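For reference, the structure is listed below as structure tokens.
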Amino acid sequence: MTFTRYKEAEYQLNQGLIRRGLSLSRCEVKPKDPAARMAEMHSFLDACGNPQQGIPAVHVGGTSGKGSTAAAVAGILTEAGLKVGLHISPYLQSATEKIWIADKFVSSDDFADLVNWVMPIAMPRVHPDTPASIHGMASVAIALEAFRREKVDVMVFEVGCGGRYDLTSFVDTRVAIITNVGLDHTISLGPTLMDIAWHKAGIARSGAPLITGARGPALEPIRAEASTVGAPLIEIPDPGDALSHNRDIAIRAATEMANVMNVALTVRCVDRGILRVRMAGRTEVMPKNGPGPKVILDGAHNAEKLAVAINAALDLAEPGPKVGIFGFLGTKAKPEILTSINGRFDHVIATEPHVYAKTPCPAEKTAEMLTELGYCPTIEPNVSKALDSAMTQAGPDGTVLITGSFYLVGEVRERWYPKKSVVEQRSSWPS
């Protein structure tokens, strides 16, 4: 009955709140009136009883590494003795993955109760003139209400897109993070790094430390915003690799938040907190039962993330053939995203993710981009068949990397970790 309640709640959210003809994600749609969008979310939260109020937040923005950095901050603060709510976006297999409370996903029963709570508030807004995504507003409100009901001490909340006009921007920010700034979401955030950085800098708040790993021209609007609003700016030097950089950012952010909460943060808290971090779909090696290739999953949907993912995967690769499976949402499929794969795989397969109300990039189009790089790709829109083909091509001493959309990665994970088990056991790694 538990999983049945989850499925019913998920159906309610999707079928009830996603307006026909509009994508679930508005992140690649340039807002016609950002101020109206923010006013709508303000009104929505008022109707919900402002569940965000009274819970100090670490607000995490940036182009890459937001999820792992947020999880690291949450892990460290948990080790310091705080009850932490963590919001991650997007999910891989289940909407409950977006809401973590004390290291576990929100339960299916609690999730269903929260959906029942938000629907009477959300449904009257389902009309073409609502200037914000109703599904997006409801999803953020559900996470905030979950944290309020659980009486968390602090929440670590990942930005959905950008920051300045994001639906998460109403949290009570005591520490803000901008991991880095890269060219992503250019339709909604602007064509240049400085445009995108301006949007991300919008999460800065007066008196709240703003911690960033951004560098180059993107720093200019971040520094300007911090100065304008009175946010102490802390720039974290780049040690040369993304994982170490995100770790340094997380440690500094957790330190600042511990000071806000007046709790001691020891070296042991930091070390154990970092060790708690395990994110599904990020250079994730799947369990190997019997003969077959090594299979690695990584949700890398922009050029910067894909380059890091490929380097990490190939460092772990077996000596045999290397096969890549690539699939993207329609808004993400740009030729430059694939440049880092040139000549690094023996075989490549073009597929496409399947998720409600999101338009995939057709496998044929992804194949065209791969062909331009000199490959002769296999075209297989069915994700399961694409995986079977890749595993055959790689053989028992080879490696398969599945990358692109997080939703593609989630589809592939089903073979090892069924969604039902993920929901019921409140973990990406159900026993």
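Here's how to read the names in the structure tokens: chain A, B, ... by the order shown, residue numbers from 1 in each chain, ligand numbers from 1 in the order shown.
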
Can you tell me, as a VMD selection string, what residues are no more than 8 Å from stretch 346-358 of chain A when counting only C-alpha atoms, ignoring any on the same chain fewer than 3 positions away? chain A and resid 14 18 22 to 25 321 to 329 343 361 to 364 366 to 367 370 375 to 383 386 390 393 405 407 to 408 411

Keeping only C-alpha atoms, write the selected residues to a file as a compact mmCIF listing (two decimals), in the first residue's frame.
# COMPACT_ATOMS: atom_id res chain seq x y z
CA ASN A 14 1.82 15.47 -12.64
CA ILE A 18 1.37 20.36 -15.27
CA LEU A 22 3.98 23.73 -21.13
CA SER A 23 7.10 21.82 -20.16
CA LEU A 24 7.45 20.67 -16.58
CA SER A 25 10.68 22.67 -16.42
CA PRO A 321 36.19 -1.67 -25.22
CA LYS A 322 34.67 1.57 -24.01
CA VAL A 323 31.07 2.25 -25.01
CA GLY A 324 29.16 5.48 -24.40
CA ILE A 325 25.37 5.86 -24.27
CA PHE A 326 24.19 9.46 -24.68
CA GLY A 327 20.71 10.91 -24.31
CA PHE A 328 19.48 14.41 -23.51
CA LEU A 329 16.37 16.45 -22.98
CA GLY A 343 37.96 9.88 -29.97
CA CYS A 361 16.13 15.25 -27.84
CA PRO A 362 15.36 12.55 -30.44
CA ALA A 363 17.97 9.81 -30.60
CA GLU A 364 18.41 10.61 -34.28
CA THR A 366 21.95 13.05 -30.84
CA ALA A 367 23.30 10.59 -33.42
CA LEU A 370 27.96 12.16 -32.66
CA TYR A 375 31.62 8.35 -34.84
CA CYS A 376 29.27 5.87 -36.49
CA PRO A 377 26.64 5.77 -33.73
CA THR A 378 24.00 3.16 -33.11
CA ILE A 379 20.53 4.71 -32.82
CA GLU A 380 18.31 3.09 -30.18
CA PRO A 381 15.52 5.22 -28.64
CA ASN A 382 14.59 2.43 -26.22
CA VAL A 383 16.85 2.91 -23.21
CA ALA A 386 20.44 0.64 -25.78
CA ALA A 390 26.20 -1.40 -25.14
CA GLN A 393 29.63 -4.32 -27.48
CA SER A 405 20.00 13.59 -18.74
CA TYR A 407 16.24 11.11 -16.16
CA LEU A 408 18.10 8.83 -18.58
CA GLU A 411 15.74 4.89 -16.27

Residues at most 9 Å from A:Met41, counting only C-alpha atoms, excluding those fewer than 5 positions away in the same chain, as a PyMOL selection string? chain A and resi 36+46+132+137+167+170

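We find atom CA of A:Ala122 and atom CA of A:Asp109 to be spaced 19.8 Å apart.
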
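If you measure from each of A:Pro396, A:Val115, A:Pro131, A:Phe406 to A:Ser89 using only C-alpha atoms, the closest one turns out to be A:Phe406.
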
Residues near A:Gly273, cut-off 8 Å, only C-alpha atoms, skip fewer than 2 positions along chain, as a ChimeraX atom specification: /A:72-79,269-271,275-277

Suppose we keep N, CA and C atoms; can you now write the selection as a tab-separated table (two decimals), in the first residue's frame?
chain	number	residue	atom	x	y	z
A	72	ALA	N	27.11	17.47	0.85
A	72	ALA	CA	28.27	17.53	1.74
A	72	ALA	C	28.03	18.48	2.91
A	73	VAL	N	27.43	19.64	2.63
A	73	VAL	CA	27.10	20.58	3.70
A	73	VAL	C	26.14	19.92	4.69
A	74	ALA	N	25.13	19.26	4.16
A	74	ALA	CA	24.15	18.59	5.03
A	74	ALA	C	24.81	17.50	5.87
A	75	GLY	N	25.72	16.75	5.25
A	75	GLY	CA	26.40	15.69	5.98
A	75	GLY	C	27.24	16.22	7.13
A	76	ILE	N	27.96	17.30	6.89
A	76	ILE	CA	28.80	17.88	7.93
A	76	ILE	C	27.94	18.42	9.08
A	77	LEU	N	26.87	19.14	8.74
A	77	LEU	CA	26.01	19.72	9.78
A	77	LEU	C	25.29	18.63	10.57
A	78	THR	N	24.98	17.52	9.91
A	78	THR	CA	24.37	16.39	10.62
A	78	THR	C	25.34	15.82	11.64
A	79	GLU	N	26.59	15.69	11.24
A	79	GLU	CA	27.62	15.19	12.16
A	79	GLU	C	27.82	16.13	13.34
A	269	CYS	N	33.82	16.04	12.68
A	269	CYS	CA	32.54	16.31	12.03
A	269	CYS	C	32.72	16.48	10.52
A	270	VAL	N	33.73	17.23	10.16
A	270	VAL	CA	33.98	17.48	8.74
A	270	VAL	C	34.32	16.20	8.01
A	271	ASP	N	35.27	15.45	8.55
A	271	ASP	CA	35.71	14.23	7.88
A	271	ASP	C	34.57	13.21	7.77
A	275	LEU	N	32.34	11.90	4.39
A	275	LEU	CA	32.20	10.47	4.11
A	275	LEU	C	30.74	10.05	3.98
A	276	ARG	N	29.81	10.81	4.58
A	276	ARG	CA	28.39	10.49	4.48
A	276	ARG	C	27.85	10.72	3.08
A	277	VAL	N	28.57	11.54	2.31
A	277	VAL	CA	28.06	11.97	1.02
A	277	VAL	C	28.14	10.83	0.01

Pick out the residues sitting within 8 Å of A:Pro209, and hand them over as a list in words; count only C-alpha atoms, and ignore anything fewer than 6 positions along from it in its own chain. Arg174, Val175, Ala176, Ala231, Pro232, Leu233, Ile234 and Glu256 of chain A
